[in-house]
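Here is entry16.pdb, consisting of PDB, C-alpha atoms and all ligand atoms:
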ATOM      1  CA  MET A1254     152.828 -52.922 216.170  1.00  0.00           C
ATOM      2  CA  LEU A1255     153.321 -49.244 216.965  1.00  0.00           C
ATOM      3  CA  VAL A1256     151.695 -46.771 214.559  1.00  0.00           C
ATOM      4  CA  GLY A1257     152.685 -43.111 214.966  1.00  0.00           C
ATOM      5  CA  ILE A1258     150.250 -40.364 214.065  1.00  0.00           C
ATOM      6  CA  THR A1259     151.477 -36.810 213.815  1.00  0.00           C
ATOM      7  CA  GLY A1260     150.791 -33.431 212.267  1.00  0.00           C
ATOM      8  CA  GLY A1261     151.429 -29.770 212.961  1.00  0.00           C
ATOM      9  CA  ILE A1262     149.433 -27.712 215.396  1.00  0.00           C
ATOM     10  CA  GLY A1263     145.776 -27.630 214.376  1.00  0.00           C
ATOM     11  CA  SER A1264     146.185 -30.250 211.650  1.00  0.00           C
ATOM     12  CA  GLY A1265     143.597 -32.355 213.470  1.00  0.00           C
ATOM     13  CA  LYS A1266     145.710 -35.277 214.666  1.00  0.00           C
ATOM     14  CA  THR A1267     143.725 -35.585 217.922  1.00  0.00           C
ATOM     15  CA  THR A1268     140.439 -35.486 215.995  1.00  0.00           C
ATOM     16  CA  VAL A1269     141.715 -38.192 213.632  1.00  0.00           C
ATOM     17  CA  ALA A1270     143.227 -40.288 216.462  1.00  0.00           C
ATOM     18  CA  ASN A1271     139.827 -40.152 218.179  1.00  0.00           C
ATOM     19  CA  LEU A1272     138.221 -41.521 215.006  1.00  0.00           C
ATOM     20  CA  PHE A1273     140.577 -44.506 215.235  1.00  0.00           C
ATOM     21  CA  SER A1274     139.514 -45.174 218.822  1.00  0.00           C
ATOM     22  CA  GLN A1275     136.206 -46.617 217.513  1.00  0.00           C
ATOM     23  CA  PHE A1276     138.130 -49.797 216.565  1.00  0.00           C
ATOM     24  CA  GLU A1277     138.079 -52.301 219.395  1.00  0.00           C
ATOM     25  CA  ASN A1278     141.212 -54.155 218.321  1.00  0.00           C
ATOM     26  CA  ILE A1279     143.522 -51.153 218.865  1.00  0.00           C
ATOM     27  CA  GLU A1280     144.449 -48.698 221.647  1.00  0.00           C
ATOM     28  CA  VAL A1281     145.310 -45.010 221.296  1.00  0.00           C
ATOM     29  CA  TYR A1282     148.128 -43.375 223.269  1.00  0.00           C
ATOM     30  CA  HIS A1283     148.022 -39.558 223.366  1.00  0.00           C
ATOM     31  CA  ALA A1284     151.649 -38.664 224.153  1.00  0.00           C
ATOM     32  CA  ASP A1285     151.011 -34.977 224.860  1.00  0.00           C
ATOM     33  CA  ASP A1286     148.259 -35.723 227.378  1.00  0.00           C
ATOM     34  CA  GLU A1287     150.310 -38.449 229.041  1.00  0.00           C
ATOM     35  CA  ALA A1288     153.365 -36.164 229.214  1.00  0.00           C
ATOM     36  CA  LYS A1289     151.254 -33.503 230.942  1.00  0.00           C
ATOM     37  CA  LYS A1290     150.020 -36.065 233.479  1.00  0.00           C
ATOM     38  CA  LEU A1291     153.494 -37.473 234.076  1.00  0.00           C
ATOM     39  CA  MET A1292     154.882 -34.006 234.782  1.00  0.00           C
ATOM     40  CA  ASN A1293     152.612 -33.996 237.808  1.00  0.00           C
ATOM     41  CA  THR A1294     152.901 -37.626 238.898  1.00  0.00           C
ATOM     42  CA  SER A1295     156.474 -38.742 238.139  1.00  0.00           C
ATOM     43  CA  GLU A1296     158.932 -38.164 240.982  1.00  0.00           C
ATOM     44  CA  THR A1297     161.863 -38.502 238.543  1.00  0.00           C
ATOM     45  CA  ILE A1298     160.522 -35.714 236.331  1.00  0.00           C
ATOM     46  CA  ARG A1299     159.683 -33.515 239.292  1.00  0.00           C
ATOM     47  CA  GLU A1300     163.160 -33.842 240.810  1.00  0.00           C
ATOM     48  CA  ARG A1301     164.942 -33.138 237.532  1.00  0.00           C
ATOM     49  CA  ILE A1302     162.738 -30.166 236.652  1.00  0.00           C
ATOM     50  CA  ILE A1303     163.316 -28.600 240.071  1.00  0.00           C
ATOM     51  CA  GLU A1304     167.051 -29.228 239.715  1.00  0.00           C
ATOM     52  CA  GLU A1305     167.078 -27.507 236.330  1.00  0.00           C
ATOM     53  CA  PHE A1306     164.438 -24.781 236.733  1.00  0.00           C
ATOM     54  CA  SER A1307     164.322 -24.179 240.533  1.00  0.00           C
ATOM     55  CA  ASP A1308     161.545 -25.139 242.939  1.00  0.00           C
ATOM     56  CA  GLU A1309     159.352 -22.374 241.564  1.00  0.00           C
ATOM     57  CA  ALA A1310     158.551 -24.888 238.813  1.00  0.00           C
ATOM     58  CA  TYR A1311     156.089 -26.628 241.139  1.00  0.00           C
ATOM     59  CA  LEU A1312     153.261 -25.201 243.197  1.00  0.00           C
ATOM     60  CA  GLU A1313     151.367 -27.070 245.871  1.00  0.00           C
ATOM     61  CA  GLU A1314     148.752 -28.135 243.335  1.00  0.00           C
ATOM     62  CA  GLY A1315     151.295 -29.341 240.788  1.00  0.00           C
ATOM     63  CA  LEU A1316     153.388 -28.102 237.888  1.00  0.00           C
ATOM     64  CA  ASN A1317     153.698 -24.317 237.546  1.00  0.00           C
ATOM     65  CA  ARG A1318     152.950 -24.261 233.812  1.00  0.00           C
ATOM     66  CA  PRO A1319     153.012 -20.472 233.238  1.00  0.00           C
ATOM     67  CA  PHE A1320     156.427 -20.263 234.922  1.00  0.00           C
ATOM     68  CA  LEU A1321     157.923 -23.027 232.776  1.00  0.00           C
ATOM     69  CA  ALA A1322     156.164 -21.889 229.587  1.00  0.00           C
ATOM     70  CA  LYS A1323     157.687 -18.414 229.910  1.00  0.00           C
ATOM     71  CA  ILE A1324     161.212 -19.806 230.313  1.00  0.00           C
ATOM     72  CA  VAL A1325     161.043 -22.274 227.421  1.00  0.00           C
ATOM     73  CA  PHE A1326     159.356 -19.720 225.158  1.00  0.00           C
ATOM     74  CA  GLU A1327     162.141 -17.206 225.753  1.00  0.00           C
ATOM     75  CA  GLN A1328     165.067 -19.658 225.779  1.00  0.00           C
ATOM     76  CA  LYS A1329     164.920 -22.381 223.154  1.00  0.00           C
ATOM     77  CA  GLU A1330     167.774 -24.375 224.722  1.00  0.00           C
ATOM     78  CA  LYS A1331     165.660 -24.707 227.881  1.00  0.00           C
ATOM     79  CA  LEU A1332     162.876 -26.295 225.826  1.00  0.00           C
ATOM     80  CA  LYS A1333     165.370 -28.921 224.700  1.00  0.00           C
ATOM     81  CA  ILE A1334     166.400 -29.551 228.298  1.00  0.00           C
ATOM     82  CA  LEU A1335     162.771 -29.875 229.376  1.00  0.00           C
ATOM     83  CA  ASN A1336     162.052 -32.320 226.542  1.00  0.00           C
ATOM     84  CA  ASN A1337     165.121 -34.335 227.494  1.00  0.00           C
ATOM     85  CA  ILE A1338     163.764 -34.666 231.021  1.00  0.00           C
ATOM     86  CA  VAL A1339     160.190 -35.561 230.079  1.00  0.00           C
ATOM     87  CA  HIS A1340     160.576 -37.753 226.995  1.00  0.00           C
ATOM     88  CA  PRO A1341     162.505 -40.685 228.513  1.00  0.00           C
ATOM     89  CA  GLU A1342     159.746 -41.044 231.121  1.00  0.00           C
ATOM     90  CA  VAL A1343     157.039 -40.856 228.452  1.00  0.00           C
ATOM     91  CA  TYR A1344     158.880 -43.578 226.510  1.00  0.00           C
ATOM     92  CA  LYS A1345     158.945 -45.792 229.593  1.00  0.00           C
ATOM     93  CA  HIS A1346     155.260 -45.173 230.140  1.00  0.00           C
ATOM     94  CA  LEU A1347     154.475 -45.850 226.470  1.00  0.00           C
ATOM     95  CA  ASN A1348     156.438 -49.078 226.687  1.00  0.00           C
ATOM     96  CA  GLU A1349     154.403 -50.215 229.680  1.00  0.00           C
ATOM     97  CA  PHE A1350     151.214 -49.249 227.826  1.00  0.00           C
ATOM     98  CA  VAL A1351     152.273 -51.264 224.758  1.00  0.00           C
ATOM     99  CA  ASN A1352     153.155 -54.304 226.889  1.00  0.00           C
ATOM    100  CA  PHE A1353     149.903 -54.059 228.806  1.00  0.00           C
ATOM    101  CA  HIS A1354     147.903 -53.998 225.553  1.00  0.00           C
ATOM    102  CA  ASN A1355     149.843 -56.721 223.765  1.00  0.00           C
ATOM    103  CA  ASP A1356     146.583 -58.396 222.718  1.00  0.00           C
ATOM    104  CA  LYS A1357     145.783 -55.438 220.428  1.00  0.00           C
ATOM    105  CA  GLU A1358     146.532 -55.350 216.704  1.00  0.00           C
ATOM    106  CA  TYR A1359     148.391 -52.083 217.062  1.00  0.00           C
ATOM    107  CA  ILE A1360     148.859 -49.083 219.335  1.00  0.00           C
ATOM    108  CA  LEU A1361     148.183 -45.720 217.714  1.00  0.00           C
ATOM    109  CA  TYR A1362     150.761 -43.337 219.175  1.00  0.00           C
ATOM    110  CA  GLU A1363     149.724 -39.693 218.772  1.00  0.00           C
ATOM    111  CA  ASN A1364     152.631 -37.297 219.092  1.00  0.00           C
ATOM    112  CA  ALA A1365     152.737 -33.706 217.805  1.00  0.00           C
ATOM    113  CA  ILE A1366     156.531 -33.748 217.541  1.00  0.00           C
ATOM    114  CA  LEU A1367     157.013 -37.370 216.479  1.00  0.00           C
ATOM    115  CA  PHE A1368     159.697 -36.472 213.917  1.00  0.00           C
ATOM    116  CA  GLU A1369     161.109 -33.446 215.714  1.00  0.00           C
ATOM    117  CA  ASN A1370     162.063 -35.526 218.764  1.00  0.00           C
ATOM    118  CA  GLY A1371     163.079 -38.683 216.882  1.00  0.00           C
ATOM    119  CA  SER A1372     160.147 -40.803 218.127  1.00  0.00           C
ATOM    120  CA  HIS A1373     159.367 -41.836 214.540  1.00  0.00           C
ATOM    121  CA  LYS A1374     162.279 -44.273 214.856  1.00  0.00           C
ATOM    122  CA  ILE A1375     160.340 -46.483 217.274  1.00  0.00           C
ATOM    123  CA  CYS A1376     157.266 -46.655 215.000  1.00  0.00           C
ATOM    124  CA  ASP A1377     156.521 -49.469 212.555  1.00  0.00           C
ATOM    125  CA  LYS A1378     154.213 -47.252 210.480  1.00  0.00           C
ATOM    126  CA  ILE A1379     153.544 -43.507 210.444  1.00  0.00           C
ATOM    127  CA  ILE A1380     150.428 -41.533 209.544  1.00  0.00           C
ATOM    128  CA  SER A1381     150.684 -37.791 208.842  1.00  0.00           C
ATOM    129  CA  VAL A1382     147.668 -35.533 209.184  1.00  0.00           C
ATOM    130  CA  SER A1383     147.860 -32.418 207.096  1.00  0.00           C
ATOM    131  CA  VAL A1384     145.734 -29.450 206.101  1.00  0.00           C
ATOM    132  CA  PRO A1385     146.622 -26.118 204.420  1.00  0.00           C
ATOM    133  CA  GLN A1386     148.200 -23.667 206.849  1.00  0.00           C
ATOM    134  CA  ASP A1387     145.475 -20.993 206.628  1.00  0.00           C
ATOM    135  CA  ILE A1388     142.868 -23.557 207.712  1.00  0.00           C
ATOM    136  CA  ARG A1389     145.072 -24.751 210.591  1.00  0.00           C
ATOM    137  CA  VAL A1390     145.477 -21.157 211.763  1.00  0.00           C
ATOM    138  CA  GLU A1391     141.734 -20.515 211.542  1.00  0.00           C
ATOM    139  CA  ARG A1392     140.856 -23.706 213.432  1.00  0.00           C
ATOM    140  CA  VAL A1393     143.335 -23.065 216.256  1.00  0.00           C
ATOM    141  CA  MET A1394     142.298 -19.401 216.606  1.00  0.00           C
ATOM    142  CA  LYS A1395     138.720 -20.609 217.019  1.00  0.00           C
ATOM    143  CA  ARG A1396     139.575 -23.559 219.287  1.00  0.00           C
ATOM    144  CA  ASP A1397     141.939 -21.717 221.655  1.00  0.00           C
ATOM    145  CA  GLY A1398     140.654 -18.151 221.293  1.00  0.00           C
ATOM    146  CA  VAL A1399     144.149 -16.908 220.384  1.00  0.00           C
ATOM    147  CA  SER A1400     145.491 -14.455 217.805  1.00  0.00           C
ATOM    148  CA  LYS A1401     146.776 -15.334 214.346  1.00  0.00           C
ATOM    149  CA  LYS A1402     150.224 -14.136 215.410  1.00  0.00           C
ATOM    150  CA  ALA A1403     150.261 -16.525 218.387  1.00  0.00           C
ATOM    151  CA  VAL A1404     149.358 -19.516 216.190  1.00  0.00           C
ATOM    152  CA  LEU A1405     151.947 -18.590 213.566  1.00  0.00           C
ATOM    153  CA  SER A1406     154.687 -18.360 216.187  1.00  0.00           C
ATOM    154  CA  ARG A1407     153.815 -21.894 217.393  1.00  0.00           C
ATOM    155  CA  ILE A1408     153.815 -23.182 213.808  1.00  0.00           C
ATOM    156  CA  LYS A1409     157.247 -21.632 213.259  1.00  0.00           C
ATOM    157  CA  ASN A1410     158.742 -23.952 215.894  1.00  0.00           C
ATOM    158  CA  GLN A1411     157.577 -27.100 214.116  1.00  0.00           C
ATOM    159  CA  TRP A1412     158.804 -28.839 210.996  1.00  0.00           C
ATOM    160  CA  LEU A1413     157.156 -28.058 207.660  1.00  0.00           C
ATOM    161  CA  ASP A1414     154.400 -30.562 206.784  1.00  0.00           C
ATOM    162  CA  ILE A1415     156.183 -31.711 203.636  1.00  0.00           C
ATOM    163  CA  LYS A1416     159.224 -32.807 205.618  1.00  0.00           C
ATOM    164  CA  LYS A1417     156.965 -35.107 207.667  1.00  0.00           C
ATOM    165  CA  THR A1418     154.659 -36.376 204.944  1.00  0.00           C
ATOM    166  CA  ILE A1419     157.490 -37.610 202.741  1.00  0.00           C
ATOM    167  CA  GLN A1420     158.677 -39.773 205.625  1.00  0.00           C
ATOM    168  CA  SER A1421     155.198 -41.163 206.393  1.00  0.00           C
ATOM    169  CA  HIS A1422     153.487 -44.325 205.173  1.00  0.00           C
ATOM    170  CA  TYR A1423     150.025 -42.741 205.061  1.00  0.00           C
ATOM    171  CA  LEU A1424     148.751 -39.200 204.607  1.00  0.00           C
ATOM    172  CA  ILE A1425     145.348 -37.987 205.756  1.00  0.00           C
ATOM    173  CA  VAL A1426     144.268 -34.624 204.380  1.00  0.00           C
ATOM    174  CA  ASN A1427     141.925 -33.425 207.084  1.00  0.00           C
ATOM    175  CA  MET A1428     139.376 -31.303 205.223  1.00  0.00           C
ATOM    176  CA  ASP A1429     135.973 -32.968 204.854  1.00  0.00           C
ATOM    177  CA  LEU A1430     135.340 -35.058 207.959  1.00  0.00           C
ATOM    178  CA  GLU A1431     133.225 -37.639 206.092  1.00  0.00           C
ATOM    179  CA  LEU A1432     136.072 -38.314 203.661  1.00  0.00           C
ATOM    180  CA  VAL A1433     138.502 -38.470 206.581  1.00  0.00           C
ATOM    181  CA  LYS A1434     136.344 -41.166 208.223  1.00  0.00           C
ATOM    182  CA  GLU A1435     136.536 -43.239 205.026  1.00  0.00           C
ATOM    183  CA  GLU A1436     140.295 -42.756 204.896  1.00  0.00           C
ATOM    184  CA  VAL A1437     140.648 -43.827 208.531  1.00  0.00           C
ATOM    185  CA  LEU A1438     138.752 -47.051 207.845  1.00  0.00           C
ATOM    186  CA  LYS A1439     140.883 -47.764 204.750  1.00  0.00           C
ATOM    187  CA  ILE A1440     144.129 -47.261 206.664  1.00  0.00           C
ATOM    188  CA  HIS A1441     142.910 -49.355 209.598  1.00  0.00           C
ATOM    189  CA  ASN A1442     142.023 -52.184 207.212  1.00  0.00           C
ATOM    190  CA  LYS A1443     145.467 -52.007 205.601  1.00  0.00           C
ATOM    191  CA  LEU A1444     147.178 -52.020 208.987  1.00  0.00           C
ATOM    192  CA  THR A1445     145.226 -55.037 210.153  1.00  0.00           C
TER     193      THR A1445
HETATM  194  P1  LIG B1501     147.229 -29.508 218.497  1.00  0.00           P
HETATM  195  O1  LIG B1501     148.536 -29.810 217.857  1.00  0.00           O
HETATM  196  O2  LIG B1501     147.093 -28.070 218.819  1.00  0.00           O
HETATM  197  O3  LIG B1501     146.927 -30.394 219.675  1.00  0.00           O
HETATM  198  P2  LIG B1501     145.594 -31.111 216.693  1.00  0.00           P
HETATM  199  O4  LIG B1501     146.438 -31.375 215.494  1.00  0.00           O
HETATM  200  O5  LIG B1501     145.450 -32.225 217.654  1.00  0.00           O
HETATM  201  O6  LIG B1501     146.068 -29.780 217.405  1.00  0.00           O
HETATM  202  P3  LIG B1501     142.722 -30.898 216.738  1.00  0.00           P
HETATM  203  O7  LIG B1501     142.629 -30.346 218.111  1.00  0.00           O
HETATM  204  O8  LIG B1501     142.291 -32.290 216.503  1.00  0.00           O
HETATM  205  O9  LIG B1501     144.175 -30.660 216.133  1.00  0.00           O
HETATM  206  O10 LIG B1501     141.911 -29.973 215.713  1.00  0.00           O
HETATM  207  C1  LIG B1501     142.057 -28.549 215.732  1.00  0.00           C
HETATM  208  C2  LIG B1501     140.663 -27.909 215.669  1.00  0.00           C
HETATM  209  O11 LIG B1501     140.131 -28.138 214.380  1.00  0.00           O
HETATM  210  C3  LIG B1501     139.682 -28.498 216.671  1.00  0.00           C
HETATM  211  O12 LIG B1501     138.861 -27.481 217.162  1.00  0.00           O
HETATM  212  C4  LIG B1501     138.859 -29.490 215.829  1.00  0.00           C
HETATM  213  O13 LIG B1501     137.567 -29.668 216.325  1.00  0.00           O
HETATM  214  C5  LIG B1501     138.860 -28.828 214.461  1.00  0.00           C
HETATM  215  N1  LIG B1501     138.841 -29.809 213.362  1.00  0.00           N
HETATM  216  C6  LIG B1501     139.634 -30.905 213.255  1.00  0.00           C
HETATM  217  N2  LIG B1501     139.376 -31.566 212.114  1.00  0.00           N
HETATM  218  C7  LIG B1501     138.393 -30.858 211.475  1.00  0.00           C
HETATM  219  C8  LIG B1501     137.700 -31.026 210.233  1.00  0.00           C
HETATM  220  N3  LIG B1501     137.969 -32.024 209.405  1.00  0.00           N
HETATM  221  N4  LIG B1501     136.764 -30.112 209.914  1.00  0.00           N
HETATM  222  C9  LIG B1501     136.502 -29.064 210.743  1.00  0.00           C
HETATM  223  N5  LIG B1501     137.113 -28.841 211.921  1.00  0.00           N
HETATM  224  C10 LIG B1501     138.058 -29.736 212.282  1.00  0.00           C
END

Show the structure stored in the file as structure tokens.
Amino acid sequence: MLVGITGGIGSGKTTVANLFSQFENIEVYHADDEAKKLMNTSETIRERIIEEFSDEAYLEEGLNRPFLAKIVFEQKEKLKILNNIVHPEVYKHLNEFVNFHNDKEYILYENAILFENGSHKICDKIISVSVPQDIRVERVMKRDGVSKKAVLSRIKNQWLDIKKTIQSHYLIVNMDLELVKEEVLKIHNKLT
């Protein structure tokens, strides 16, 4: 079984996914981390990115993130192109991961843009993590040392929470961590 977990920037989906990793009968797949790794290790991705964005996109030590980030920030259609290059390879990798761990009760698939990129369609169940926007902004400003304006501009590119939560099977409101831990256990028990 594939269980998607998603939420906007700073909602705490990684924190919550890490709480799930205490259960021995599941595995957690962090799509964003794996995508970052694959952009450095996959020949297919490398070739296509160079084709699309020029060979400046890679330095000797790996992906030239600032170069790509600038392009996709300024030109939204380029972000789509980049996603279309990376996501099929992440899917393949996820598939291998799921097959490798077929003894587990479920795979928790953490993806920040689960709905935005249509990945919700491959999930059997979906968990949304949500928290009021002002708290998200505060937490990200503190975590990344960035301005309020920078966080708000990242939030603007994502779907509104409500649009995701109404399409989810479970909702975790990530305020008090002790209550969240209880909620995680309840959901895990339901899923298993
Ligand atoms: P992103 O989309 O940017 O990757 P995320 O949704 O994965 O973010 P986290 O990185 O898990 O969010 O959490 C954002 C910040 O908020 C982190 O610094 C984390 O430690 C903190 N945080 C998460 N949950 C709580 C909580 N319940 N109480 C207090 N702080 C929290």

Take the PyMOL selection byres (((chain A and resi 1436) around 12) and not hetatm), apply it to the structure above, and return the hits as a list in words.
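Checking the PyMOL selection byres (((chain A and resi 1436) around 12) and not hetatm) against this file, the residues are Val1269, Leu1272, Phe1273, Ile1380, Val1382, Tyr1423, Leu1424, Ile1425, Val1426, Asn1427, Met1428, Asp1429, Leu1430, Glu1431, Leu1432, Val1433, Lys1434, Glu1435, Val1437, Leu1438, Lys1439, Ile1440, His1441, Asn1442 and Lys1443 of chain A.
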
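Checking A:Leu1361, A:Ser1307, A:Lys1402, A:Thr1418 one by one against Phe1276 in chain A, counting all atoms listed in the file, you find the shortest gap at A:Leu1361.
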
Give me the residues near Leu1255 in chain A as an MDAnalysis selection string, where near means some atom within 9 Å (using all atoms listed in the file) and where sequence neighbours in that chain fewer than 6 positions away do not count.
chainID A and resid 1351 1359:1362 1375:1379

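If all atoms listed in the file are the atoms counted, then among A:Ile1302, A:Ala1284, A:Ile1419, A:Ile1338 the closest residue to ligand LIG 1501 (chain B) is A:Ala1284.
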
Taking all atoms of range 1403-1406 of chain A that the file lists and extending 3 Å past them on each side, where is the centre of the axis-aligned box and how long are its edges? Answer in Å to one decimal, as JSON.
{"center_x": 152.0, "center_y": -18.0, "center_z": 216.0, "size_x": 11.3, "size_y": 9.0, "size_z": 10.8}

Please report, as a tab-separated table, each residue of chain A lying at most 10 Å from ligand LIG 1501 (chain B), together with the nearest pair of atoms and the separation in Å rounded to one decimal; use all atoms listed in the file, and order rows by chain and ascending residue number.
residue	atom	partner	partner_atom	distance
A:Ile1258	CA	B:LIG1501	O4	9.9
A:Thr1259	CA	B:LIG1501	O4	7.6
A:Gly1260	CA	B:LIG1501	O4	5.8
A:Gly1261	CA	B:LIG1501	O1	5.7
A:Ile1262	CA	B:LIG1501	O1	3.4
A:Gly1263	CA	B:LIG1501	O6	3.7
A:Ser1264	CA	B:LIG1501	O4	4.0
A:Gly1265	CA	B:LIG1501	O9	3.2
A:Lys1266	CA	B:LIG1501	O4	4.1
A:Thr1267	CA	B:LIG1501	O5	3.8
A:Thr1268	CA	B:LIG1501	O8	3.7
A:Val1269	CA	B:LIG1501	O8	6.6
A:Ala1270	CA	B:LIG1501	O8	8.1
A:Asn1271	CA	B:LIG1501	O8	8.4
A:His1283	CA	B:LIG1501	O5	9.6
A:Asp1285	CA	B:LIG1501	O3	8.0
A:Asp1286	CA	B:LIG1501	O3	9.5
A:Glu1363	CA	B:LIG1501	O5	8.7
A:Asn1364	CA	B:LIG1501	O1	8.6
A:Ala1365	CA	B:LIG1501	O1	5.7
A:Ile1366	CA	B:LIG1501	O1	8.9
A:Val1382	CA	B:LIG1501	O4	7.7
A:Ser1383	CA	B:LIG1501	O4	8.6
A:Val1384	CA	B:LIG1501	N3	8.8
A:Ile1388	CA	B:LIG1501	O11	8.5
A:Arg1389	CA	B:LIG1501	C1	7.1
A:Val1390	CA	B:LIG1501	C1	9.1
A:Glu1391	CA	B:LIG1501	O11	8.3
A:Arg1392	CA	B:LIG1501	O11	4.6
A:Val1393	CA	B:LIG1501	C2	5.6
A:Met1394	CA	B:LIG1501	C2	8.7
A:Lys1395	CA	B:LIG1501	O12	6.9
A:Arg1396	CA	B:LIG1501	O12	4.5
A:Asp1397	CA	B:LIG1501	O12	7.9
A:Val1404	CA	B:LIG1501	O2	9.2
A:Arg1407	CA	B:LIG1501	O2	9.2
A:Ile1408	CA	B:LIG1501	O1	9.4
A:Val1426	CA	B:LIG1501	N3	8.5
A:Asn1427	CA	B:LIG1501	N3	4.8
A:Met1428	CA	B:LIG1501	N3	4.5
A:Asp1429	CA	B:LIG1501	N3	5.1
A:Leu1430	CA	B:LIG1501	N3	4.3
A:Glu1431	CA	B:LIG1501	N3	8.1
A:Leu1432	CA	B:LIG1501	N3	8.7
A:Val1433	CA	B:LIG1501	N3	7.1
A:Lys1434	CA	B:LIG1501	N3	9.4

Please evaluate the PyMOL selection byres (((chain A and resi 1287) around 12) and not hetatm) against the displayed coordinates and give the resulting residues as a PDB file with C-alpha atoms, in the frame of the given file.
ATOM      1  CA  VAL A1281     145.310 -45.010 221.296  1.00  0.00           C
ATOM      2  CA  TYR A1282     148.128 -43.375 223.269  1.00  0.00           C
ATOM      3  CA  HIS A1283     148.022 -39.558 223.366  1.00  0.00           C
ATOM      4  CA  ALA A1284     151.649 -38.664 224.153  1.00  0.00           C
ATOM      5  CA  ASP A1285     151.011 -34.977 224.860  1.00  0.00           C
ATOM      6  CA  ASP A1286     148.259 -35.723 227.378  1.00  0.00           C
ATOM      7  CA  ALA A1288     153.365 -36.164 229.214  1.00  0.00           C
ATOM      8  CA  LYS A1289     151.254 -33.503 230.942  1.00  0.00           C
ATOM      9  CA  LYS A1290     150.020 -36.065 233.479  1.00  0.00           C
ATOM     10  CA  LEU A1291     153.494 -37.473 234.076  1.00  0.00           C
ATOM     11  CA  MET A1292     154.882 -34.006 234.782  1.00  0.00           C
ATOM     12  CA  ASN A1293     152.612 -33.996 237.808  1.00  0.00           C
ATOM     13  CA  THR A1294     152.901 -37.626 238.898  1.00  0.00           C
ATOM     14  CA  SER A1295     156.474 -38.742 238.139  1.00  0.00           C
ATOM     15  CA  VAL A1339     160.190 -35.561 230.079  1.00  0.00           C
ATOM     16  CA  HIS A1340     160.576 -37.753 226.995  1.00  0.00           C
ATOM     17  CA  GLU A1342     159.746 -41.044 231.121  1.00  0.00           C
ATOM     18  CA  VAL A1343     157.039 -40.856 228.452  1.00  0.00           C
ATOM     19  CA  TYR A1344     158.880 -43.578 226.510  1.00  0.00           C
ATOM     20  CA  LYS A1345     158.945 -45.792 229.593  1.00  0.00           C
ATOM     21  CA  HIS A1346     155.260 -45.173 230.140  1.00  0.00           C
ATOM     22  CA  LEU A1347     154.475 -45.850 226.470  1.00  0.00           C
ATOM     23  CA  PHE A1350     151.214 -49.249 227.826  1.00  0.00           C
ATOM     24  CA  TYR A1362     150.761 -43.337 219.175  1.00  0.00           C
ATOM     25  CA  GLU A1363     149.724 -39.693 218.772  1.00  0.00           C
ATOM     26  CA  ASN A1364     152.631 -37.297 219.092  1.00  0.00           C
TER      27      ASN A1364
END

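For the pair CA of Val1256 in chain A and CA of Pro1341 in chain A, the separation is 18.7 Å.
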
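Going from CA of Ile1324 in chain A to CA of Glu1305 in chain A covers 11.4 Å.
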
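Across the model, the gap from CA of Ile1334 in chain A to CA of Lys1409 in chain A is 19.3 Å.
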